[in-house]
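> Have a peek at work.cif (mmCIF, C-alpha atoms and all ligand atoms).
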```
data_start
loop_
_atom_site.label_atom_id
_atom_site.label_comp_id
_atom_site.auth_asym_id
_atom_site.auth_seq_id
_atom_site.Cartn_x
_atom_site.Cartn_y
_atom_site.Cartn_z
CA MET D 3 106.55 47.92 79.07
CA PRO D 4 109.77 46.24 77.93
CA ALA D 5 112.98 48.15 78.43
CA GLN D 6 113.50 49.05 74.78
CA ASP D 7 116.75 50.83 75.50
CA SER D 8 118.38 47.63 76.59
CA VAL D 9 117.62 45.99 73.27
CA THR D 10 119.92 46.35 70.32
CA PRO D 11 118.44 46.40 66.83
CA GLY D 12 119.12 43.15 65.08
CA VAL D 13 119.40 41.18 68.29
CA PHE D 14 116.77 38.55 68.95
CA ASN D 15 115.10 37.88 72.26
CA PHE D 16 115.08 34.44 73.81
CA ARG D 17 112.00 33.42 71.85
CA GLY D 18 113.84 34.12 68.65
CA ARG D 19 111.72 37.13 67.75
CA ALA D 20 113.26 40.27 66.36
CA VAL D 21 113.02 43.10 68.82
CA GLY D 22 113.89 46.74 68.81
CA ARG D 23 113.73 47.17 65.05
CA SER D 24 112.10 50.11 63.45
CA LEU D 25 112.90 50.46 59.79
CA PRO D 26 111.65 53.37 57.72
CA GLY D 27 110.13 52.91 54.30
CA PRO D 28 108.59 49.80 52.81
CA SER D 29 108.94 46.70 54.91
CA LEU D 30 111.52 44.23 53.72
CA TYR D 31 110.25 41.65 56.16
CA GLY D 32 107.33 40.56 54.01
CA SER D 33 106.22 37.27 52.51
CA GLY D 34 105.95 35.36 55.77
CA ARG D 35 109.68 34.61 55.83
CA MET D 36 110.46 37.14 58.44
CA PHE D 37 114.09 37.33 59.33
CA GLY D 38 113.18 37.60 62.98
CA THR D 39 111.20 34.41 63.20
CA ARG D 40 114.07 32.21 62.09
CA LYS D 41 115.49 29.74 64.53
CA PHE D 42 118.70 28.47 63.04
CA GLY D 43 120.71 31.51 61.95
CA ARG D 44 121.64 33.87 64.76
CA ALA D 45 121.21 37.45 63.64
CA ARG D 46 124.18 39.71 64.16
CA GLN D 47 124.45 43.42 64.41
CA PRO D 48 125.88 44.92 61.20
CA GLN D 49 129.47 45.94 61.88
CA LEU D 50 132.26 47.92 60.26
CA VAL D 51 134.91 45.37 59.37
CA GLY D 52 137.23 47.03 56.90
CA ASP D 53 137.92 50.28 55.11
CA GLY D 54 134.37 51.47 54.41
CA VAL D 55 132.98 47.94 54.61
CA VAL D 56 129.98 46.84 56.66
CA GLN D 57 129.43 43.14 57.25
CA LEU D 58 125.82 42.03 57.70
CA GLY D 59 124.01 38.74 58.15
CA THR D 60 124.00 35.96 60.69
CA ASP D 61 126.58 33.77 62.36
CA LEU D 62 126.21 31.47 59.31
CA VAL D 63 126.20 33.75 56.28
CA ASN D 64 127.67 37.22 55.56
CA TRP D 65 126.94 39.93 53.01
CA PHE D 66 128.48 43.37 52.67
CA LEU D 67 127.97 47.05 52.02
CA VAL D 68 130.99 48.73 50.49
CA GLY D 69 131.26 52.50 50.85
CA THR D 70 132.79 54.20 47.82
CA ASN D 71 133.46 57.83 47.08
CA GLY D 72 129.93 59.06 47.55
CA GLY D 73 128.11 55.80 46.95
CA VAL D 74 127.58 52.30 48.24
CA VAL D 75 127.86 48.93 46.50
CA VAL D 76 126.22 45.79 47.88
CA VAL D 77 128.46 42.71 47.68
CA ASP D 78 126.35 39.54 47.85
CA THR D 79 122.95 39.68 49.49
CA GLY D 80 122.61 36.78 51.94
CA LEU D 81 119.60 34.47 52.01
CA PRO D 82 116.06 35.71 51.39
CA GLY D 83 115.06 38.12 54.16
CA TYR D 84 118.59 39.19 55.07
CA ASP D 85 117.96 42.58 53.47
CA ALA D 86 115.91 43.54 56.53
CA ASP D 87 119.24 44.82 57.90
CA LEU D 88 119.92 47.15 54.99
CA ASP D 89 119.09 50.42 56.72
CA ASN D 90 121.00 49.52 59.88
CA GLY D 91 124.03 48.76 57.73
CA LEU D 92 123.78 51.92 55.67
CA ALA D 93 123.56 53.97 58.87
CA LEU D 94 127.05 52.74 59.83
CA LEU D 95 128.34 54.29 56.61
CA ASP D 96 126.30 57.47 57.15
CA ARG D 97 124.47 56.74 53.91
CA ASP D 98 120.90 56.08 52.92
CA ARG D 99 119.24 53.96 50.27
CA GLY D 100 119.65 56.62 47.62
CA ALA D 101 123.42 56.16 47.79
CA VAL D 102 123.35 52.52 46.68
CA GLU D 103 124.66 52.22 43.10
CA ALA D 104 124.75 48.50 42.40
CA ILE D 105 124.59 44.96 43.71
CA VAL D 106 127.55 42.73 42.78
CA LEU D 107 127.33 38.97 43.31
CA THR D 108 130.32 36.64 43.64
CA HIS D 109 128.16 33.73 42.44
CA SER D 110 124.60 32.52 42.16
CA HIS D 111 124.09 30.36 45.29
CA SER D 112 120.99 31.33 47.26
CA ASP D 113 122.95 32.41 50.33
CA HIS D 114 124.60 35.07 48.12
CA SER D 115 121.79 35.94 45.71
CA GLY D 116 118.84 35.30 48.06
CA SER D 117 117.91 38.92 48.68
CA ALA D 118 119.10 40.27 45.33
CA GLU D 119 115.67 40.61 43.74
CA SER D 120 114.14 42.17 46.83
CA LEU D 121 117.02 44.68 47.02
CA ARG D 122 116.93 45.35 43.27
CA ARG D 123 113.27 46.25 43.46
CA ALA D 124 113.62 48.33 46.62
CA LEU D 125 116.68 50.24 45.37
CA ASP D 126 116.23 50.19 41.59
CA VAL D 127 119.88 49.30 40.96
CA PRO D 128 121.53 46.77 38.60
CA VAL D 129 122.53 43.29 39.78
CA TYR D 130 125.92 42.12 38.42
CA VAL D 131 127.02 38.52 38.23
CA HIS D 132 129.55 36.65 36.06
CA GLU D 133 128.21 35.71 32.63
CA ALA D 134 128.48 31.97 33.38
CA GLU D 135 125.91 32.35 36.16
CA ALA D 136 123.69 35.13 34.84
CA GLU D 137 121.08 32.68 33.61
CA ALA D 138 121.03 30.86 36.96
CA VAL D 139 120.37 34.15 38.76
CA ARG D 140 117.71 35.14 36.24
CA THR D 141 115.89 31.87 36.72
CA ALA D 142 116.81 31.00 40.32
CA ALA D 143 118.23 27.71 39.07
CA ALA D 144 120.98 25.61 40.58
CA VAL D 145 124.37 25.61 38.86
CA GLY D 146 126.72 22.68 38.40
CA LYS D 147 126.83 19.32 40.07
CA THR D 148 128.59 19.44 43.40
CA GLY D 149 131.49 17.23 44.30
CA GLY D 150 130.10 14.87 46.90
CA SER D 151 127.47 13.90 49.40
CA GLN D 152 126.75 16.05 52.43
CA LEU D 153 125.72 12.94 54.31
CA PRO D 154 129.03 12.19 56.05
CA TYR D 155 129.12 15.80 57.27
CA LEU D 156 125.82 15.49 59.11
CA ARG D 157 127.73 14.23 62.15
CA HIS D 158 128.72 17.87 62.61
CA PRO D 159 126.03 19.99 64.33
CA HIS D 160 127.12 22.96 62.15
CA ALA D 161 126.02 21.15 59.01
CA TRP D 162 122.57 20.46 60.43
CA ARG D 163 122.10 24.04 61.49
CA LEU D 164 123.27 25.44 58.15
CA LEU D 165 120.97 23.19 56.14
CA ALA D 166 118.04 23.94 58.47
CA HIS D 167 118.71 27.66 58.07
CA PHE D 168 118.75 27.39 54.27
CA ARG D 169 115.46 25.52 54.45
CA GLU D 170 113.74 28.02 56.72
CA ALA D 171 114.95 30.94 54.56
CA GLY D 172 113.58 29.42 51.36
CA GLY D 173 114.99 29.59 47.86
CA ALA D 174 116.15 32.74 46.12
CA ALA D 175 113.69 34.58 43.91
CA ALA D 176 114.52 34.89 40.22
CA VAL D 177 116.18 38.27 39.56
CA GLY D 178 114.24 40.29 37.00
CA GLU D 179 117.23 41.97 35.38
CA VAL D 180 120.85 40.88 35.52
CA VAL D 181 124.00 42.51 34.16
CA ALA D 182 126.55 39.88 33.18
CA TYR D 183 130.21 40.68 33.85
CA ALA D 184 133.38 39.04 32.51
CA ASP D 185 136.64 37.96 34.14
CA GLY D 186 138.81 41.00 34.77
CA GLN D 187 135.99 43.49 34.37
CA GLU D 188 136.02 46.66 36.44
CA LEU D 189 132.77 46.94 38.42
CA PRO D 190 131.14 49.64 40.55
CA GLY D 191 132.80 50.26 43.91
CA GLY D 192 136.33 50.03 42.50
CA LEU D 193 135.88 46.26 42.40
CA ARG D 194 137.50 44.06 39.80
CA ALA D 195 136.17 40.59 39.07
CA VAL D 196 138.75 37.80 39.21
CA ARG D 197 137.33 34.48 38.08
CA THR D 198 138.13 31.63 40.41
CA ASP D 199 136.74 28.38 39.10
CA GLY D 200 135.55 25.47 41.15
CA HIS D 201 132.98 26.45 43.75
CA THR D 202 130.51 27.23 40.97
CA PRO D 203 131.03 27.54 37.19
CA GLY D 204 131.41 31.33 37.22
CA HIS D 205 132.52 32.17 40.74
CA CYS D 206 134.53 35.37 41.04
CA VAL D 207 136.36 37.01 43.90
CA LEU D 208 136.06 40.79 43.92
CA HIS D 209 139.23 42.77 44.44
CA GLN D 210 139.12 46.35 45.65
CA ARG D 211 142.70 47.11 44.78
CA GLU D 212 142.76 50.70 45.94
CA ARG D 213 141.90 49.67 49.52
CA GLY D 214 143.62 46.28 49.51
CA GLN D 215 140.40 44.42 50.21
CA LEU D 216 139.29 41.14 48.73
CA PHE D 217 135.74 39.77 48.80
CA ALA D 218 136.45 36.07 48.55
CA GLY D 219 132.81 34.94 48.20
CA ASP D 220 132.73 31.18 48.65
CA HIS D 221 136.13 30.41 47.24
CA LEU D 222 137.67 30.77 50.68
CA CYS D 223 136.18 30.90 54.16
CA THR D 224 137.44 31.29 57.73
CA TRP D 225 134.64 29.11 59.08
CA ASN D 226 133.89 25.83 57.43
CA PRO D 227 130.10 25.82 57.31
CA LEU D 228 129.89 22.02 57.39
CA THR D 229 132.55 21.09 59.94
CA GLY D 230 132.81 24.31 61.94
CA ARG D 231 136.60 24.45 61.56
CA ARG D 232 138.09 27.94 61.92
CA GLY D 233 140.90 29.14 59.70
CA VAL D 234 141.35 29.97 56.03
CA GLU D 235 140.40 27.13 53.70
CA ILE D 236 138.48 26.51 50.50
CA LEU D 237 134.82 25.59 50.97
CA PRO D 238 134.23 21.89 51.73
CA ARG D 239 133.87 19.45 48.86
CA PRO D 240 130.08 18.80 48.97
CA LEU D 241 129.45 22.49 48.33
CA ASN D 242 131.79 22.75 45.31
CA VAL D 243 131.62 21.74 41.68
CA SER D 244 135.38 21.03 41.74
CA SER D 245 137.57 21.42 44.81
CA GLU D 246 140.62 20.61 42.65
CA ALA D 247 139.85 23.56 40.36
CA MET D 248 139.52 25.72 43.47
CA LEU D 249 143.00 24.74 44.66
CA GLU D 250 144.38 25.65 41.21
CA ALA D 251 142.58 28.99 41.23
CA LEU D 252 144.41 29.91 44.44
CA ASP D 253 147.28 30.87 42.08
CA ARG D 254 145.14 33.76 40.86
CA ILE D 255 144.14 34.90 44.34
CA GLU D 256 147.69 34.95 45.65
CA GLN D 257 148.64 37.60 43.09
CA LEU D 258 146.12 40.11 44.43
CA GLU D 259 147.53 42.82 46.67
CA THR D 260 145.41 42.47 49.77
CA ARG D 261 145.40 43.51 53.41
CA VAL D 262 141.96 42.24 54.39
CA LEU D 263 139.91 39.31 53.12
CA LEU D 264 136.15 39.06 53.60
CA PHE D 265 134.11 35.89 53.23
CA GLY D 266 130.62 34.55 52.76
CA HIS D 267 131.23 32.33 55.78
CA GLY D 268 133.45 33.25 58.71
CA GLU D 269 135.06 36.33 60.16
CA PRO D 270 137.17 38.83 58.20
CA TRP D 271 140.84 38.00 58.02
CA ALA D 272 143.62 40.56 58.25
CA GLY D 273 146.56 39.49 56.17
CA SER D 274 147.87 39.23 52.65
CA ALA D 275 146.39 37.07 49.94
CA VAL D 276 149.68 35.13 49.91
CA GLU D 277 149.25 34.24 53.59
CA ALA D 278 145.60 33.32 53.08
CA VAL D 279 146.44 31.09 50.13
CA THR D 280 149.27 29.43 52.06
CA ALA D 281 146.83 28.58 54.86
CA ALA D 282 144.23 27.31 52.39
CA ARG D 283 146.76 25.07 50.63
CA ALA D 284 147.88 23.68 53.99
CA ALA D 285 144.26 22.89 54.94
CA GLY D 286 143.67 21.24 51.56
CA VAL D 287 140.33 19.74 50.57
CA THR D 288 137.92 19.03 53.41
ZN ZN A 301 128.31 29.23 47.42
#
```
Would you put the structure from the file into structure tokens?
Ligand SMILES: [Zn+2]

Amino acid sequence: MPAQDSVTPGVFNFRGRAVGRSLPGPSLYGSGRMFGTRKFGRARQPQLVGDGVVQLGTDLVNWFLVGTNGGVVVVDTGLPGYDADLDNGLALLDRDRGAVEAIVLTHSHSDHSGSAESLRRALDVPVYVHEAEAEAVRTAAAVGKTGGSQLPYLRHPHAWRLLAHFREAGGAAAVGEVVAYADGQELPGGLRAVRTDGHTPGHCVLHQRERGQLFAGDHLCTWNPLTGRRGVEILPRPLNVSSEAMLEALDRIEQLETRVLLFGHGEPWAGSAVEAVTAARAAGVT
């Protein structure tokens, strides 16, 4: 019999199979796209990364649970299948599924909205996204033409692995019901939407002013998913509608009082928004 005690939930064995998981309730592994059978994204243990924030996902893509006074808000949802970690994440906040109030998306890309429909159905909570991308989430459509070819980036092994991981995860399901939010709107979890154009047509960062935390979505990252570079920068050009618009929108981010920034790609970053923006401007467009 395998030594179960030595196995941590969420960690894969050398054959890439999920081991040591035992989730209560309906299985979120279904549809033949089991999280544990993936090869390209390395699963990571959910971890507390900020004030009442749990980061979940893989070494390639993050999503978050945000503990509020009494409840929990899901910020982004990872690719399809990532929600298999939901209960492990909630346990870190000493909460259960009944505490989840809402799902808030920074934008419509499938590595942020991929598990939204599955979570919406399992939890019976609203899914919020900016009004410019509500239709894309409702129909699982792509938004905007991106700013360049990914081809030159394929010399980087990171780019291969990311694209392979997207492929193995599959596309996001259309979300049955969507609540559209506007720039500046107050959202569940003490989050305020701040529109930051450029990555997608309606991308927003989500500012939790009271705790000085900023969910930067895919406007900024600390790990460039195409080149593998570490450090704060805007997402690389082939993934954006307009990198120039993103640089301009840094003006909005720098005004947000922040102690911790959290990203769709890369590790959390302790520092002010001003420092993060300074680093991103120095890195420029990649
Ligand atoms: Zn994105």
> Using all atoms listed in the file, can you tell me which of D:Gly100, D:Gly204, D:Gly286, D:Gly116 comes closest to Ala134 in chain D?
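Using all atoms listed in the file, the shortest distance to Ala134 in chain D belongs to D:Gly204.
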> Check the smallest atom-to-atom distance from each of D:Val262, D:Val68, D:Leu237, D:Leu95 to ligand ZN 301 (chain A) using all atoms listed in the file, then report the winner.
D:Leu237
> Let me make sure I understand: among D:Gly146, D:Gly80, D:Pro240, D:Pro128, which one has the smallest atom-to-atom distance to Val177 in chain D if we use all atoms listed in the file?
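Residue with the minimum atom-to-atom distance to Val177 in chain D: D:Pro128.
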> Would you mind listing what lies within 7 Å of Cys223 in chain D as a PyMOL selection string, with only C-alpha atoms counted and same-chain residues fewer than 5 positions away left out?
chain D and resi 234-237+265-268
> Could you list, as a PyMOL selection string, every residue within 12 Å of range 269-277 of chain D, counting all atoms listed in the file and ignoring same-chain residues fewer than 3 positions away?
chain D and resi 49-53+55-66+207+209+211+214-219+222-227+232-235+252-266+280-284
> Measuring between all atoms listed in the file, which one of D:Glu250, D:Asp199, D:Glu119, D:Glu133 shows the shortest distance to Gln187 in chain D?
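Closest candidate: D:Glu133.
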> Which is closer to Glu137 in chain D than all the others in D:Leu165, D:Ala118, D:Ala182, D:Ala174, using all atoms listed in the file?
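Counting all atoms listed in the file, the residue closest to Glu137 in chain D is D:Ala182.
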> List all protein, DNA and RNA residues that have an atom no more than 8 Å from any atom of ligand ZN 301 (chain A), counting only C-alpha atoms and all ligand atoms, and report them as a list of chain:residue names.
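With only C-alpha atoms and all ligand atoms and a cut-off of 8 Å, ligand ZN 301 (chain A) is contacted by D:His109, D:Ser110, D:His111, D:Ser112, D:Asp113, D:His114, D:His201, D:Thr202, D:Gly219, D:Asp220, D:His221, D:Leu241, D:Asn242, D:Gly266.
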> Contacts of Pro159 in chain D at 12 Å or less, counting all atoms listed in the file, minus same-chain residues fewer than 5 places along, as a list in words?
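Near neighbours after the sequence-gap exclusion: Phe42, Pro154, Leu164, Leu165, Ala166, Asn226, Pro227, Leu228, Thr229, Gly230 and Arg231 of chain D.
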> Of the candidates D:Val279, D:Ala171, D:Leu189, D:Ala176, which shows the shortest atom-to-atom distance to Thr141 in chain D, using all atoms listed in the file?
D:Ala176
> At a cut-off of 6 Å, using all atoms listed in the file, what residues contact Val196 in chain D? Leave out same-chain residues fewer than 3 positions from it and give the result as a list in words.
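Near neighbours after the sequence-gap exclusion: Asp185, Gly186, Cys206 and Val207 of chain D.
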> Report, in Å to a single decimal, how far apart CA of Val77 in chain D and CA of Ser120 in chain D are.
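One can read the CA of Ser120 in chain D to CA of Val77 in chain D distance as 14.4 Å.
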> One decimal, in Å: what's the spacing between CA of Gly173 in chain D and CA of Ala142 in chain D?
7.9 Å
> Can you work out the spacing between CA of Thr108 in chain D and CA of Ala143 in chain D in Å, to one decimal?
15.7 Å
> Find the spatial neighbours of Tyr130 in chain D, counting only C-alpha atoms, within a cut-off of 8 Å - ignore same-chain residues fewer than 3 positions away - and output them as a ChimeraX atom specification.
/D:104-107,180-183
